[in-house]
file input_31.cif (mmCIF, C-alpha atoms and all ligand atoms)
data_coords
#
loop_
_atom_site.label_atom_id
_atom_site.label_comp_id
_atom_site.auth_asym_id
_atom_site.auth_seq_id
_atom_site.Cartn_x
_atom_site.Cartn_y
_atom_site.Cartn_z
CA MET W 26 -7.02 57.41 -28.66
CA ILE W 27 -5.25 58.61 -25.50
CA ILE W 28 -5.69 56.44 -22.41
CA LEU W 29 -4.66 57.06 -18.82
CA GLY W 30 -3.75 53.74 -17.15
CA ILE W 31 -3.74 53.25 -13.39
CA GLU W 32 -2.11 50.34 -11.50
CA SER W 33 -2.20 49.66 -7.75
CA THR W 34 -2.75 45.91 -7.37
CA CYS W 35 0.28 45.23 -5.17
CA ASP W 36 3.14 47.45 -4.02
CA GLU W 37 3.64 49.77 -6.98
CA THR W 38 1.50 52.85 -7.54
CA ALA W 39 1.67 53.63 -11.23
CA ALA W 40 0.06 55.83 -13.86
CA SER W 41 0.78 56.12 -17.55
CA ILE W 42 -0.47 57.84 -20.68
CA VAL W 43 -0.47 55.67 -23.81
CA ARG W 44 -1.62 56.60 -27.32
CA ASP W 45 -3.34 53.97 -29.48
CA GLY W 46 -2.31 51.04 -27.29
CA LYS W 47 1.41 51.19 -28.00
CA GLU W 48 2.95 54.65 -27.87
CA ILE W 49 3.98 55.39 -24.28
CA LEU W 50 3.83 59.14 -23.65
CA SER W 51 4.65 58.78 -19.95
CA SER W 52 5.00 56.01 -17.39
CA VAL W 53 5.37 56.89 -13.72
CA VAL W 54 5.97 54.17 -11.10
CA SER W 55 6.19 54.85 -7.39
CA SER W 56 7.66 51.78 -5.74
CA GLN W 57 7.15 50.87 -2.08
CA ILE W 58 10.36 48.87 -1.77
CA ASP W 59 11.72 51.31 0.84
CA LEU W 60 8.61 50.80 2.96
CA GLN W 61 8.16 47.02 2.57
CA LYS W 62 11.87 46.11 2.83
CA ALA W 63 11.82 46.11 6.64
CA TYR W 64 9.12 43.43 6.63
CA GLY W 65 10.66 41.15 4.01
CA GLY W 66 7.50 41.23 1.91
CA VAL W 67 4.37 43.21 1.17
CA VAL W 68 2.22 44.17 4.19
CA PRO W 69 -1.24 44.83 2.64
CA GLU W 70 -2.31 47.53 5.12
CA LEU W 71 0.91 49.51 4.57
CA ALA W 72 0.59 49.07 0.80
CA CYS W 73 -2.94 50.60 0.86
CA ARG W 74 -1.89 53.57 2.93
CA ARG W 75 1.07 54.34 0.68
CA HIS W 76 -1.14 54.04 -2.44
CA ILE W 77 -3.53 56.58 -0.87
CA ASP W 78 -0.65 58.95 -0.08
CA VAL W 79 0.85 59.00 -3.55
CA ILE W 80 -1.81 58.13 -6.12
CA ASP W 81 -2.91 61.71 -6.91
CA LYS W 82 0.70 62.85 -7.37
CA VAL W 83 1.57 59.85 -9.55
CA ILE W 84 -1.45 60.45 -11.83
CA GLU W 85 -0.75 64.19 -12.10
CA GLU W 86 2.92 63.48 -12.89
CA ALA W 87 1.93 61.03 -15.66
CA ARG W 88 -0.34 63.68 -17.19
CA ALA W 89 2.27 66.43 -16.92
CA GLN W 90 5.13 64.29 -18.30
CA ALA W 91 2.99 63.33 -21.30
CA ASN W 92 2.43 67.04 -21.88
CA ILE W 93 -1.32 66.71 -22.32
CA GLU W 94 -4.39 68.31 -20.74
CA TRP W 95 -7.09 66.41 -18.85
CA ALA W 96 -9.46 67.10 -21.73
CA ASP W 97 -7.13 65.20 -24.12
CA ILE W 98 -7.72 61.90 -22.28
CA ASP W 99 -10.28 59.66 -24.01
CA ALA W 100 -10.65 56.89 -21.41
CA ILE W 101 -9.35 55.65 -18.06
CA ALA W 102 -8.04 52.07 -17.85
CA VAL W 103 -7.50 50.52 -14.43
CA ALA W 104 -6.23 47.19 -13.12
CA HIS W 105 -9.19 45.87 -11.12
CA GLY W 106 -7.43 42.62 -10.17
CA PRO W 107 -6.03 40.19 -9.34
CA GLY W 108 -4.14 41.46 -6.33
CA LEU W 109 -4.62 42.81 -2.82
CA VAL W 110 -8.20 44.01 -2.49
CA GLY W 111 -7.48 47.14 -0.44
CA ALA W 112 -4.65 48.13 -2.75
CA ILE W 113 -6.74 47.61 -5.90
CA LEU W 114 -9.56 49.73 -4.46
CA VAL W 115 -7.31 52.78 -4.18
CA GLY W 116 -6.51 52.78 -7.91
CA LEU W 117 -10.03 51.74 -8.84
CA ASN W 118 -11.65 54.57 -6.88
CA ALA W 119 -9.23 57.12 -8.33
CA ALA W 120 -10.08 55.82 -11.81
CA LYS W 121 -13.83 55.96 -11.15
CA SER W 122 -13.59 59.54 -9.86
CA LEU W 123 -11.67 60.66 -12.93
CA ALA W 124 -13.95 58.84 -15.35
CA LEU W 125 -16.96 60.47 -13.70
CA SER W 126 -15.56 63.99 -13.55
CA LEU W 127 -14.11 63.89 -17.07
CA ASP W 128 -17.20 62.06 -18.38
CA ILE W 129 -15.16 59.45 -20.24
CA PRO W 130 -15.31 55.61 -20.25
CA LEU W 131 -13.86 53.50 -17.45
CA ILE W 132 -12.11 50.37 -18.75
CA PRO W 133 -11.28 47.55 -16.31
CA VAL W 134 -8.14 45.54 -17.11
CA ASN W 135 -6.84 42.19 -15.85
CA HIS W 136 -3.36 42.76 -14.39
CA ILE W 137 -2.07 39.32 -15.48
CA GLU W 138 -3.31 39.74 -19.03
CA ALA W 139 -1.64 43.17 -19.05
CA HIS W 140 1.74 41.57 -18.18
CA LEU W 141 1.40 39.57 -21.41
CA TYR W 142 0.16 42.56 -23.39
CA ALA W 143 3.31 44.37 -22.20
CA VAL W 144 5.25 42.05 -24.53
CA LEU W 145 2.95 42.66 -27.50
CA MET W 146 3.22 46.43 -27.08
CA SER W 147 7.04 46.17 -26.85
CA HIS W 148 7.47 44.78 -30.36
CA LYS W 149 6.81 46.45 -33.70
CA GLU W 150 6.37 43.16 -35.53
CA ALA W 151 3.21 41.09 -35.06
CA ILE W 152 3.76 38.15 -32.71
CA PRO W 153 2.31 34.95 -34.20
CA PHE W 154 -0.77 33.30 -32.64
CA PRO W 155 -1.36 30.86 -31.12
CA CYS W 156 1.48 31.62 -28.74
CA LEU W 157 2.26 30.56 -25.21
CA GLY W 158 2.10 33.35 -22.65
CA ALA W 159 4.16 32.74 -19.53
CA VAL W 160 3.50 35.04 -16.58
CA VAL W 161 6.35 34.84 -14.11
CA SER W 162 5.95 37.31 -11.27
CA GLY W 163 5.81 37.63 -7.51
CA GLY W 164 2.17 36.60 -7.48
CA HIS W 165 1.82 34.31 -10.49
CA THR W 166 3.43 31.53 -12.46
CA SER W 167 1.03 30.65 -15.24
CA LEU W 168 1.27 29.21 -18.74
CA ILE W 169 -1.53 30.44 -20.97
CA LYS W 170 -2.21 29.45 -24.56
CA MET W 171 -3.17 32.67 -26.35
CA HIS W 172 -5.29 31.80 -29.39
CA SER W 173 -5.63 35.53 -30.04
CA LEU W 174 -5.77 38.64 -27.91
CA GLY W 175 -8.59 37.98 -25.43
CA ASP W 176 -8.98 34.25 -26.23
CA TYR W 177 -7.02 32.29 -23.65
CA GLU W 178 -6.65 28.76 -22.33
CA LEU W 179 -4.87 28.01 -19.06
CA ILE W 180 -2.27 25.27 -19.61
CA GLY W 181 -0.48 25.26 -16.26
CA GLN W 182 0.09 27.22 -13.08
CA THR W 183 1.75 26.97 -9.72
CA VAL W 184 0.05 24.89 -7.08
CA ASP W 185 1.81 26.77 -4.26
CA ASP W 186 4.39 29.59 -4.44
CA ALA W 187 4.92 31.75 -7.52
CA VAL W 188 8.45 31.71 -8.93
CA GLY W 189 9.15 35.34 -7.93
CA GLU W 190 7.81 34.56 -4.47
CA ALA W 191 10.22 31.60 -4.28
CA PHE W 192 13.09 33.98 -5.14
CA ASP W 193 11.88 36.36 -2.42
CA LYS W 194 11.64 33.57 0.19
CA ALA W 195 14.99 32.01 -0.73
CA ALA W 196 16.60 35.45 -0.49
CA ARG W 197 15.11 35.98 2.94
CA LEU W 198 16.57 32.66 4.13
CA LEU W 199 19.95 33.82 2.85
CA GLY W 200 19.59 37.06 4.81
CA LEU W 201 19.03 39.20 1.70
CA PRO W 202 16.56 42.10 1.58
CA TYR W 203 13.21 42.26 -0.26
CA PRO W 204 12.65 42.00 -3.20
CA GLY W 205 14.81 38.91 -3.39
CA GLY W 206 14.92 38.29 -7.14
CA PRO W 207 17.58 40.87 -8.04
CA GLN W 208 19.54 40.02 -4.85
CA ILE W 209 19.68 36.29 -5.68
CA GLU W 210 20.65 37.07 -9.27
CA ARG W 211 23.50 39.32 -8.12
CA LEU W 212 24.81 36.82 -5.53
CA ALA W 213 24.45 33.85 -7.91
CA LYS W 214 26.94 35.46 -10.31
CA GLN W 215 29.72 34.66 -7.82
CA GLY W 216 28.50 31.11 -7.14
CA ASP W 217 28.96 27.60 -8.51
CA PRO W 218 25.50 26.01 -8.94
CA SER W 219 26.92 22.47 -9.06
CA ARG W 220 27.87 22.62 -5.36
CA PHE W 221 24.27 21.84 -4.37
CA SER W 222 21.85 19.38 -5.91
CA LEU W 223 18.32 20.82 -5.82
CA LYS W 224 15.09 19.79 -7.54
CA ALA W 225 12.04 21.79 -8.59
CA GLY W 226 8.67 20.22 -7.80
CA ARG W 227 6.67 18.06 -10.17
CA VAL W 228 2.91 17.90 -9.95
CA LYS W 229 1.62 14.39 -10.56
CA GLY W 230 -0.53 14.15 -13.66
CA SER W 231 -0.03 17.85 -14.53
CA PRO W 232 3.25 18.19 -16.44
CA TYR W 233 2.86 21.96 -16.93
CA ASN W 234 2.03 22.85 -13.35
CA PHE W 235 4.66 24.23 -10.99
CA SER W 236 5.52 23.68 -7.35
CA PHE W 237 8.23 25.68 -5.63
CA SER W 238 7.48 25.08 -1.97
CA GLY W 239 9.72 21.96 -1.82
CA LEU W 240 12.59 23.95 -3.31
CA LYS W 241 12.07 26.63 -0.67
CA THR W 242 12.19 23.96 2.07
CA ALA W 243 15.38 22.53 0.55
CA ILE W 244 16.98 25.99 0.87
CA LEU W 245 15.76 26.24 4.46
CA TYR W 246 17.35 22.87 5.35
CA GLN W 247 20.62 23.77 3.61
CA VAL W 248 20.83 27.08 5.50
CA LYS W 249 19.59 25.93 8.91
CA GLY W 250 19.93 22.15 8.93
CA GLN W 251 17.67 19.19 8.12
CA GLY W 252 14.27 19.50 9.81
CA ALA W 253 14.97 23.06 11.02
CA ASN W 254 12.38 25.86 10.92
CA LYS W 255 12.79 29.46 9.82
CA HIS W 256 13.56 30.59 13.38
CA SER W 257 16.47 28.13 13.78
CA VAL W 258 20.03 29.45 13.70
CA ASP W 259 22.03 29.29 10.47
CA ILE W 260 24.58 26.50 10.08
CA LEU W 261 25.59 27.17 6.47
CA PRO W 262 28.86 29.12 6.26
CA LYS W 263 28.55 32.51 4.54
CA SER W 264 31.12 31.32 1.99
CA GLU W 265 28.51 28.86 0.63
CA HIS W 266 25.71 31.42 0.19
CA ALA W 267 26.61 32.36 -3.37
CA ASN W 268 26.77 28.68 -4.39
CA LEU W 269 23.35 28.01 -2.88
CA ALA W 270 21.87 31.13 -4.53
CA ALA W 271 23.26 29.98 -7.88
CA ALA W 272 21.91 26.43 -7.44
CA PHE W 273 18.48 27.79 -6.47
CA GLN W 274 18.38 30.18 -9.42
CA GLU W 275 19.42 27.52 -11.96
CA THR W 276 16.88 25.01 -10.61
CA ALA W 277 13.94 27.42 -10.52
CA LEU W 278 14.65 29.02 -13.89
CA HIS W 279 15.39 25.77 -15.77
CA ASP W 280 12.09 24.41 -14.45
CA VAL W 281 10.16 27.38 -15.88
CA VAL W 282 12.04 27.23 -19.19
CA ASP W 283 11.65 23.46 -19.60
CA LYS W 284 7.93 23.42 -18.79
CA SER W 285 7.26 26.46 -21.01
CA LEU W 286 9.05 24.88 -23.97
CA ALA W 287 7.32 21.53 -23.44
CA ALA W 288 3.89 23.20 -23.15
CA ALA W 289 4.51 25.30 -26.28
CA ALA W 290 5.46 22.18 -28.26
CA ALA W 291 2.52 20.11 -26.99
CA HIS W 292 0.03 22.89 -27.75
CA ASP W 293 1.33 23.91 -31.19
CA CYS W 294 2.35 27.40 -30.10
CA GLN W 295 4.23 29.51 -32.64
CA ALA W 296 6.13 31.55 -30.06
CA ILE W 297 6.54 32.15 -26.35
CA ILE W 298 5.95 35.54 -24.78
CA LEU W 299 7.04 36.25 -21.22
CA GLY W 300 5.73 38.80 -18.74
CA GLY W 301 6.19 39.69 -15.06
CA GLY W 302 9.03 40.75 -12.78
CA VAL W 303 11.13 37.59 -13.14
CA THR W 304 11.69 38.42 -16.84
CA PHE W 305 14.10 41.02 -15.48
CA ASN W 306 16.51 38.19 -14.69
CA GLN W 307 19.29 38.07 -17.29
CA ARG W 308 20.18 34.44 -16.55
CA PHE W 309 16.55 33.51 -17.31
CA ARG W 310 16.92 35.10 -20.75
CA GLU W 311 20.21 33.23 -21.33
CA ILE W 312 18.69 29.84 -20.45
CA PHE W 313 15.78 30.46 -22.84
CA GLU W 314 18.26 31.44 -25.54
CA GLU W 315 20.25 28.22 -24.95
CA LYS W 316 17.21 25.94 -25.07
CA ARG W 317 14.60 27.53 -27.35
CA GLY W 318 15.83 26.02 -30.65
CA GLN W 319 13.89 27.64 -33.52
CA LEU W 320 10.99 28.83 -31.38
CA PRO W 321 10.84 32.64 -31.15
CA VAL W 322 10.79 33.98 -27.60
CA TYR W 323 9.67 37.56 -26.91
CA TRP W 324 10.42 39.67 -23.82
CA PRO W 325 8.91 42.86 -22.41
CA GLY W 326 10.67 46.08 -23.37
CA ALA W 327 12.40 48.42 -20.95
CA GLY W 328 10.15 49.52 -18.08
CA LEU W 329 7.52 46.88 -18.92
CA SER W 330 8.75 43.86 -16.90
CA LEU W 331 7.89 44.94 -13.38
CA ASP W 332 4.47 46.28 -12.43
CA ASN W 333 3.68 49.43 -14.43
CA ALA W 334 0.65 51.27 -15.77
CA ALA W 335 1.71 51.50 -19.43
CA MET W 336 0.68 47.86 -19.87
CA ILE W 337 -2.69 48.69 -18.24
CA ALA W 338 -3.30 51.66 -20.57
CA GLY W 339 -2.11 49.58 -23.55
CA LEU W 340 -4.45 46.68 -22.87
CA GLY W 341 -7.19 49.20 -21.98
CA TYR W 342 -6.97 50.46 -25.56
CA GLN W 343 -7.49 46.93 -26.90
CA ASN W 344 -10.45 46.36 -24.56
CA ALA W 345 -11.93 49.70 -25.65
CA GLN W 346 -11.94 48.52 -29.28
CA LYS W 347 -14.31 45.72 -28.23
CA GLN W 348 -16.34 47.72 -25.71
CA PRO W 349 -15.92 51.46 -26.35
CA GLU W 350 -18.44 52.49 -23.70
CA GLY W 351 -16.38 50.73 -20.98
CA CYS W 352 -18.12 49.56 -17.84
CA ASP W 353 -20.35 51.28 -15.31
CA LEU W 354 -18.97 52.74 -12.13
CA SER W 355 -20.14 49.86 -9.96
CA VAL W 356 -17.31 47.63 -11.24
CA ASP W 357 -15.64 45.90 -8.30
CA ALA W 358 -12.11 44.92 -7.32
CA ILE W 359 -11.49 41.23 -7.98
CA THR W 360 -8.78 39.51 -5.98
CA ARG W 361 -8.66 36.43 -8.22
CA ILE W 362 -9.50 36.48 -11.91
CA PRO W 363 -9.45 33.15 -13.75
CA PHE W 364 -8.37 33.03 -17.37
O1 LIG W 401 5.57 41.60 -11.84
P1 LIG W 401 6.03 42.05 -10.51
O2 LIG W 401 6.58 43.47 -10.39
O3 LIG W 401 4.89 41.99 -9.44
C1 LIG W 401 3.90 41.02 -9.40
O4 LIG W 401 2.88 41.17 -10.15
O5 LIG W 401 4.10 40.06 -8.63
O6 LIG W 401 7.11 41.00 -10.01
C2 LIG W 401 7.81 41.13 -8.80
C3 LIG W 401 8.61 39.85 -8.59
C4 LIG W 401 9.27 39.76 -7.22
O7 LIG W 401 8.98 38.49 -6.66
C5 LIG W 401 10.75 39.89 -7.53
O8 LIG W 401 11.60 39.21 -6.62
C6 LIG W 401 10.84 39.30 -8.92
O9 LIG W 401 9.67 39.77 -9.57
N1 LIG W 401 12.04 39.75 -9.62
C7 LIG W 401 13.05 38.93 -9.98
C8 LIG W 401 14.06 39.76 -10.54
N2 LIG W 401 13.62 41.05 -10.49
C9 LIG W 401 12.37 41.02 -9.93
N3 LIG W 401 13.18 37.60 -9.89
C10 LIG W 401 14.33 37.06 -10.34
N4 LIG W 401 15.35 37.79 -10.85
C11 LIG W 401 15.26 39.12 -10.96
N5 LIG W 401 16.27 39.84 -11.45
ZN ZN W 402 2.50 42.10 -11.73
#

call {"tool": "encode", "arguments": {"input": "input_31.cif", "output": "structure tokens"}}
result
Amino acid sequence: MIILGIESTCDETAASIVRDGKEILSSVVSSQIDLQKAYGGVVPELACRRHIDVIDKVIEEARAQANIEWADIDAIAVAHGPGLVGAILVGLNAAKSLALSLDIPLIPVNHIEAHLYAVLMSHKEAIPFPCLGAVVSGGHTSLIKMHSLGDYELIGQTVDDAVGEAFDKAARLLGLPYPGGPQIERLAKQGDPSRFSLKAGRVKGSPYNFSFSGLKTAILYQVKGQGANKHSVDILPKSEHANLAAAFQETALHDVVDKSLAAAAAHDCQAIILGGGVTFNQRFREIFEEKRGQLPVYWPGAGLSLDNAAMIAGLGYQNAQKQPEGCDLSVDAITRIPF
């Protein structure tokens, strides 16, 4: 079964052709980093306009690179949320038009679930269930017990900023461009994390929930002084920036690793699988390796960490096994989808 996947929930416009849920025939991603960089984050209105400008070209490129004809496509899978509503609608409407004109099923996919499926489609061997799925991205930090594909239980999530968002905000305070994750990781390599003592947030009564807003404020006060706001002038010497970046990175990543391992143990999970942009961070992978003991930990394959459409087409295939007719064309964009 050949599926065209479409992704436009945030600031990447992506299309991909995947055969039988795993074999990626093409995966095209058009990033808006050049556009959003100047604003230090994603401006929804600009994101929508860019999606509209490029979506047709991205889809056509995915088809051409896969070396298939339109008539070879069996279904269209599309991320219908969660994300920015205007951005989602661009991909969703393109998907609806194609499904209608090609007379093939339209399969809605949950973007967060697709980040976890990205890990399953990256590995030849079967990953044991129940496993703990950790989504660590710019929009989400969630721990999900996966009893099987499609049967999920939310174990913990952030009560404020997502971990990737915390990286982006910390980077901004250090004068680094968007997206901040790779910038912090690069700077942290030259730093000594022990020069600053930082703490990640704890959520009373919810040991597997996350809170990163206090950590962000701690960075603000280190850079600009106690009680300062983001418009205050910097007092931290440039020579200390790498040390602060390293301390931030260690604190945020150890918090995610520790809570994931504790949640996996408490909920009898046989493995941990990780999805989302922060899995790109090599230090994150090292810390997991240091602490995981005997518990297997699985990562997304190349090209499947950051937002992409291969994971949408892949999960679309799985959804099509359960509901081959797909959904009708009235399906809506959903900004928040609970697990
Ligand atoms: O999954 P993704 O592409 O988009 C969302 O669904 O949010 O993740 C993007 C996030 C950004 O916050 C970015 O700063 C973060 O992933 N990220 C990283 C790294 N590369 C990307 N965070 C830490 N270290 C990295 N190397
Ligand atoms: Zn994402």

call {"tool": "closest_atom_pairs", "arguments": {"input": "input_31.cif", "of": "segment 178-219 of chain W", "to": "segment 152-174 of chain W", "cutoff": "7 Å", "atoms": "all atoms listed in the file", "output": "tab-separated table"}}
result
residue	atom	partner	partner_atom	distance
W:Glu178	CA	W:Lys170	CA	5.0
W:Leu179	CA	W:Ile169	CA	4.6
W:Ile180	CA	W:Leu168	CA	5.4
W:Gly181	CA	W:Leu168	CA	5.0
W:Gln182	CA	W:Ser167	CA	4.2
W:Thr183	CA	W:Thr166	CA	5.6
W:Ala187	CA	W:His165	CA	5.0
W:Val188	CA	W:Thr166	CA	6.1
W:Gly189	CA	W:Gly163	CA	4.1
W:Glu190	CA	W:Gly163	CA	4.8

call {"tool": "closest_residue", "arguments": {"input": "input_31.cif", "among": "W:Asp99, W:Glu315, W:Glu275, W:Asp357", "to": "Gly116 of chain W", "atoms": "all atoms listed in the file"}}
result
W:Asp357

call {"tool": "atom_distance", "arguments": {"input": "input_31.cif", "atom1": "atom CA of Arg44 of chain W", "atom2": "atom CA of Ile84 of chain W"}}
result
16.0 Å

call {"tool": "residues_around", "arguments": {"input": "input_31.cif", "residues": "segment 46-62 of chain W", "least_positions_apart": "5", "cutoff": "8 Å", "atoms": "all atoms listed in the file", "output": "ChimeraX atom specification"}}
result
/W:36-41,67-68,71-72,75,79,83-84,86-88,90-91,146-147,202-204,333-335,338-343

call {"tool": "closest_residue", "arguments": {"input": "input_31.cif", "among": "W:Pro232, W:Pro207, W:Gly226, W:Gly300", "to": "ligand LIG 401 (chain W)", "atoms": "only C-alpha atoms and all ligand atoms"}}
result
W:Pro207

call {"tool": "residues_around", "arguments": {"input": "input_31.cif", "residues": "Ala296 of chain W", "least_positions_apart": "2", "cutoff": "6 Å", "atoms": "all atoms listed in the file", "output": "short mmCIF file (atom, residue, chain, number, x, y, z; two decimals) with C-alpha atoms, in the coordinates of the input"}}
result
data_model
loop_
_atom_site.label_atom_id
_atom_site.label_comp_id
_atom_site.auth_asym_id
_atom_site.auth_seq_id
_atom_site.Cartn_x
_atom_site.Cartn_y
_atom_site.Cartn_z
CA CYS W 156 1.48 31.62 -28.74
CA CYS W 294 2.35 27.40 -30.10
CA LEU W 320 10.99 28.83 -31.38
CA PRO W 321 10.84 32.64 -31.15
CA VAL W 322 10.79 33.98 -27.60
#

call {"tool": "atom_distance", "arguments": {"input": "input_31.cif", "atom1": "atom CA of Phe313 of chain W", "atom2": "atom CA of Ala287 of chain W"}}
result
12.3 Å

call {"tool": "closest_residue", "arguments": {"input": "input_31.cif", "among": "W:Leu286, W:Asn344, W:Gly301, W:His140", "to": "Gln319 of chain W", "atoms": "all atoms listed in the file"}}
result
W:Leu286

call {"tool": "atom_distance", "arguments": {"input": "input_31.cif", "atom1": "atom CA of Ile42 of chain W", "atom2": "atom CA of Gln348 of chain W"}}
result
19.5 Å

call {"tool": "residues_around", "arguments": {"input": "input_31.cif", "residues": "Val248 of chain W", "least_positions_apart": "4", "cutoff": "7 Å", "atoms": "all atoms listed in the file", "output": "JSON, numbers by chain"}}
result
{"W": [244, 259, 260, 261]}

call {"tool": "write_last_selection", "arguments": {"input": "input_31.cif", "atoms": "C-alpha atoms", "output": "mmCIF file, in the frame of the given file"}}
result
data_model
loop_
_atom_site.group_PDB
_atom_site.id
_atom_site.type_symbol
_atom_site.label_atom_id
_atom_site.label_comp_id
_atom_site.auth_asym_id
_atom_site.auth_seq_id
_atom_site.Cartn_x
_atom_site.Cartn_y
_atom_site.Cartn_z
ATOM 1 C CA ILE W 244 16.980 25.990 0.870
ATOM 2 C CA ASP W 259 22.030 29.290 10.470
ATOM 3 C CA ILE W 260 24.580 26.500 10.080
ATOM 4 C CA LEU W 261 25.590 27.170 6.470
#

call {"tool": "closest_residue", "arguments": {"input": "input_31.cif", "among": "W:Asn118, W:Gln274, W:Ser238, W:Ser330", "to": "ligand ZN 402 (chain W)", "atoms": "all atoms listed in the file"}}
result
W:Ser330

call {"tool": "residues_around", "arguments": {"input": "input_31.cif", "residues": "Thr276 of chain W", "least_positions_apart": "2", "cutoff": "7 Å", "atoms": "all atoms listed in the file", "output": "list in words"}}
result
Leu223, Lys224, Ala225, Ala272, Phe273, Gln274, Leu278, His279 and Asp280 of chain W

call {"tool": "residues_around", "arguments": {"input": "input_31.cif", "residues": "segment 106-109 of chain W", "least_positions_apart": "6", "cutoff": "6 Å", "atoms": "only C-alpha atoms", "output": "PyMOL selection string"}}
result
chain W and resi 34-35+135-136+358-362

call {"tool": "write_last_selection", "arguments": {"input": "input_31.cif", "atoms": "C-alpha atoms", "output": "tab-separated table (two decimals), in the frame of the given file"}}
result
chain	number	residue	atom	x	y	z
W	34	THR	CA	-2.75	45.91	-7.37
W	35	CYS	CA	0.28	45.23	-5.17
W	135	ASN	CA	-6.84	42.19	-15.85
W	136	HIS	CA	-3.36	42.76	-14.39
W	358	ALA	CA	-12.11	44.92	-7.32
W	359	ILE	CA	-11.49	41.23	-7.98
W	360	THR	CA	-8.78	39.51	-5.98
W	361	ARG	CA	-8.66	36.43	-8.22
W	362	ILE	CA	-9.50	36.48	-11.91

call {"tool": "closest_residue", "arguments": {"input": "input_31.cif", "among": "W:Glu138, W:Glu70, W:Glu85, W:Asp217", "to": "ligand ZN 402 (chain W)", "atoms": "all atoms listed in the file"}}
result
W:Glu138
